[in-house]
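First comes the structure, then the notes that go with it.
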Amino acid sequence: MNSRMRLHGLVQKEIKQITRDPSALLIAFLLPFILLLVCGYGISFDAVHVKLAVVIESPEEEARGLIDALAASPYLAPERMLTTEAAEQALIGGRVRGLLVFREDFSQRLANPGRWPAPAELDVNATDPNSARILEGYVSGALATWLAGRLVELRVTQPTDIDLDHRFWFNTDLRSADAIVPGLIAMVMSMTGTLLTALIVSREWERGTMESMLASPANLAEITLARLGCYFVLGMGSMAICVLLGIVLFQLPFRGGILALALASSLFLIFALGLGLFISTLARSQFVAAQVAFLTTMMPAIMLSGMVFDIASMPRWLQVTTYAMPARYLVSIMQTLFLSGDVWPVLLPNLVGLGIAAMLAVGATFAVTRRRLD
Amino acid sequence: MLHRIFALLAKELAALLSDRKVRSVLVVPPLVQVALFAYAATYDVTNVPLAIWNDDAGAQSAALVRAFAGSPAFLPVEGIQSPGQAAIAIDTMRATAVLHIPERFSADLLARRTPHVQLLLDARRSNTALLIEAYSATIVADFAQTMNTTSNIPISLTVRDWFNPTLESQWFILPGLVAVLSIIMSMLISALSLARERELGTFDQLLVTPLRPLEILAGKAVPGVIIGLIDANIVIAAALLWFQIPFRGSMIVLQAILILYMIAGVGIGLVISSITHTQQQAMLGVFVIAAPIVVLSGFLAPVENMPPVIEVLGRIDPIRWMLIIVRGLFLENTPLPVVLQSTWPLALIATATFAMAGVAVRRAVT
């Protein structure tokens, strides 16, 4: 029996196994669909209508204008409160995120440049420092807009100002979905790819069918190749679902080329499938394989890939550690392909990273499988 | 009845802890994860690579460039002269931002006309871009103020950051990790427990013992609760001793609620376990549930930002309620009545999941 026939037989065996037990198909198609759908809508840094308590002790006329100006910002939901004590209680009880206070003399001092600055106080719940910073930015922005108009009304000359204009490239509206969804695809594919092989092969070890396969004339390379090949096709299917969902549902632009996408997807899948095989060979039981597959994919892909947290801002030793996380290369590639285009100076180093990861994962699988047989 | 449960409990713990690999899988990951994730989780941005495109030869523009270079947020990496070069610098990610100062900047400033400055930003990472926008606005406003020797600014906005005055990201993330890492572990352990018995055929043996369905569930639940509590306390210890995060609330209240929270987590795992037939299906269930409950909990991004439908859906997520409690107890010294507002949903989730799992097991008996 020649190698080609054996390979053919092995592939047939894998296909039968996949079609008879729906869980592999569910992993490949249902899992990415659900994960991307829920998580894509779930992670948003676009703050809308942050609840802000406003206490204004100065005259009514000024107060109404201020409240209107704050409410005009799409990011703020101001709520007038009568006393500072009530507002502080609301802040402690978590009903508002911030508290803006204008004292009695605010209007008088604002109208008279000799008594500037007119004081205002902003108290923010900074338990979530990111939201706190963003809220501070929104409040001072809304105040500045109001002030410009108010100074004209008061016929007071404005002090020197510099107009700073921000241009956001690739994501003009600064939608966080545009930045998050490419990262989520990397997370979903890490989980899907690894899970596909991790459980299936550890089950064969647990039940002893792996030994009988190795006792057959097929050699290790053929068995691994047939397996990788079949699950690779499934994995590419789930990748296609992810990318289509990103474009259709989340309305991301896709500015890169199919070639670069296919190349990155293939390399990443070979890595993820290889990692799954490696884990299942080493773990012996499905229980341990499941734990390890879970722990090595989901949380690291969220925390260390650059999807949410900027890698450049991490401590140096951790930045180096992230090079061992292939998800980081895929996040970088996906963000570039979706939002920017085929920028080869960015794509190439990341593709090389993925290539090395893929080789290591498959190589390690061969090494441990051999050792287990001895 | 109690001694039956104890017997089952002993069997469950022995089955779980007899394997060295299983033991290491239960304790080592939380340690490694805390070490890696706590340092990774920084919403702050520092050393953003900045390209300078200065068309102005005046002293004022040089001073503005110095103001940017002096800020810890920015790191000047190169000087450029044209729009094309700016595009290349951002495309290739050599620079995340380009500061463009037009020709007439110094002249405008001296003539008391409002000068214009432009900052081009790579918004592929939108959150980073948002923070850079805020930092640059502050730098430019401060700079304008120094040019303004004669008059004061019209409004001074004094900001006080409550509970986390220096805006430390770790103060926010570590209490979050207490909730996230522990529930993942307890869910994983319990989700595979019944499914494994089914797959190995020992489930039927369990059913013919004198144990009632709820007793079987209780026996299956306790190891998950115990391991989850151990993991939660490993993270709490790291937060207090290593990261020196203040703990302003009551530790007894936190530990009591953690037990309830672990029961809710185990309950979800048992529901998955009771409706699946193989470990593989159970694992699939965990993957489908775990990622959404982490993402929708508010661990990374505030729940207020979610679309209303998703936000309402997220209310059945135990992590969401635990995050409010654990962050509140660490940083805010939340009053007990406010803590309890988030506790009863946890009790509800725990009761509902155990009822569902109980029904599923009882159906298997009959």
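Following the order of the structure tokens, first chain is A, next is B, and so on, with residues numbered from 1 inside each chain and ligands from 1 in the order they appear.
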
Identify, with DSSP run on backbone atoms, the residues in stretch 140-306 of chain A assigned to strand (DSSP E), and express the list as an MDAnalysis selection string. chainID A and resid 163:169

Would you mind writing down, as a ChimeraX atom specification, each residue of stretch 80-270 of chain A that DSSP on the backbone assigns to alpha helix (DSSP H)? /A:84-92,106-111,129-153,176-207,209-215,220-248,258-270

With a distance cut-off of 12 Å and only C-alpha atoms, select the neighbouring residues of A:Phe268, excluding the residue or stretch itself and same-chain residues fewer than 5 positions from it, and output the selection as JSON, numbers by chain. {"A": [185, 186, 187, 188, 189, 190, 191, 192, 193, 194, 232, 235, 236, 239, 261, 262, 263, 273, 274, 275, 325, 326, 327, 328, 329, 330, 331, 333, 334, 350, 351, 352, 353, 354, 355, 356, 357, 358, 359, 360, 361, 362]}

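The closest residue to chain A, picked from B:Trp162, B:Phe143, B:Trp53, B:Trp344 and counting only C-alpha atoms, is B:Trp162.
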
Residues near A:Trp205, anyone? I mean within 12 Å using only C-alpha atoms, not counting same-chain ones fewer than 2 positions away, as an MDAnalysis selection string. chainID A and resid 198:203 207:214 277 279:286 289 369 372:373

Save the residues we just selected, C-alpha atoms, as a short mmCIF file (atom, residue, chain, number, x, y, z; two decimals), in the first residue's frame?
```
data_model
loop_
_atom_site.label_atom_id
_atom_site.label_comp_id
_atom_site.auth_asym_id
_atom_site.auth_seq_id
_atom_site.Cartn_x
_atom_site.Cartn_y
_atom_site.Cartn_z
CA ALA A 198 -7.10 19.40 21.52
CA LEU A 199 -10.18 17.42 22.47
CA ILE A 200 -10.48 15.19 19.48
CA VAL A 201 -7.01 13.77 19.75
CA SER A 202 -6.94 13.53 23.52
CA ARG A 203 -10.09 11.44 23.28
CA ARG A 207 -9.77 5.53 24.54
CA GLY A 208 -6.66 3.85 23.18
CA THR A 209 -7.62 4.23 19.53
CA MET A 210 -4.55 6.40 18.96
CA GLU A 211 -2.28 3.45 19.73
CA SER A 212 -4.12 1.24 17.28
CA MET A 213 -3.79 3.89 14.60
CA LEU A 214 -0.06 4.14 15.22
CA LEU A 277 -2.40 18.42 18.95
CA ILE A 279 -1.59 19.74 24.26
CA SER A 280 -3.67 16.64 23.71
CA THR A 281 -0.63 14.43 23.18
CA LEU A 282 1.05 15.70 26.31
CA ALA A 283 -2.03 15.80 28.53
CA ARG A 284 -3.23 12.19 28.16
CA SER A 285 -6.69 12.96 29.54
CA GLN A 286 -9.41 15.12 28.08
CA ALA A 289 -6.27 18.87 27.78
CA THR A 369 4.32 11.90 19.98
CA ARG A 372 5.17 8.86 24.03
CA LEU A 373 5.57 5.84 21.81
#
```

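Straight-line separation from atom CA of A:Thr296 to atom CA of A:Pro345: 29.0 Å.
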
Using only C-alpha atoms, which protein or nucleic acid residues come within 8 Å of stretch 67-83 of chain A? Drop anything in the same chain fewer than 4 positions from it, and give the result as an NGL selection string. :A and (47-56 or 63 or 87 or 138-139 or 142-143 or 145-146)

If you count only C-alpha atoms, the residue of B:Ser71, B:Thr353, B:Ser274, B:Gln281 closest to chain A turns out to be B:Gln281

For stretch 27-132 of chain A versus stretch 306-314 of chain B, which residues have an atom no more than 7 Å away, and what is each residue's nearest atom pair and distance in Å rounded to one decimal, using only C-alpha atoms, chain-then-number order, as CSV?
```
residue,atom,partner,partner_atom,distance
A:Tyr41,CA,B:Met306,CA,6.8
A:Gly42,CA,B:Met306,CA,5.7
A:Ser44,CA,B:Met306,CA,6.4
```
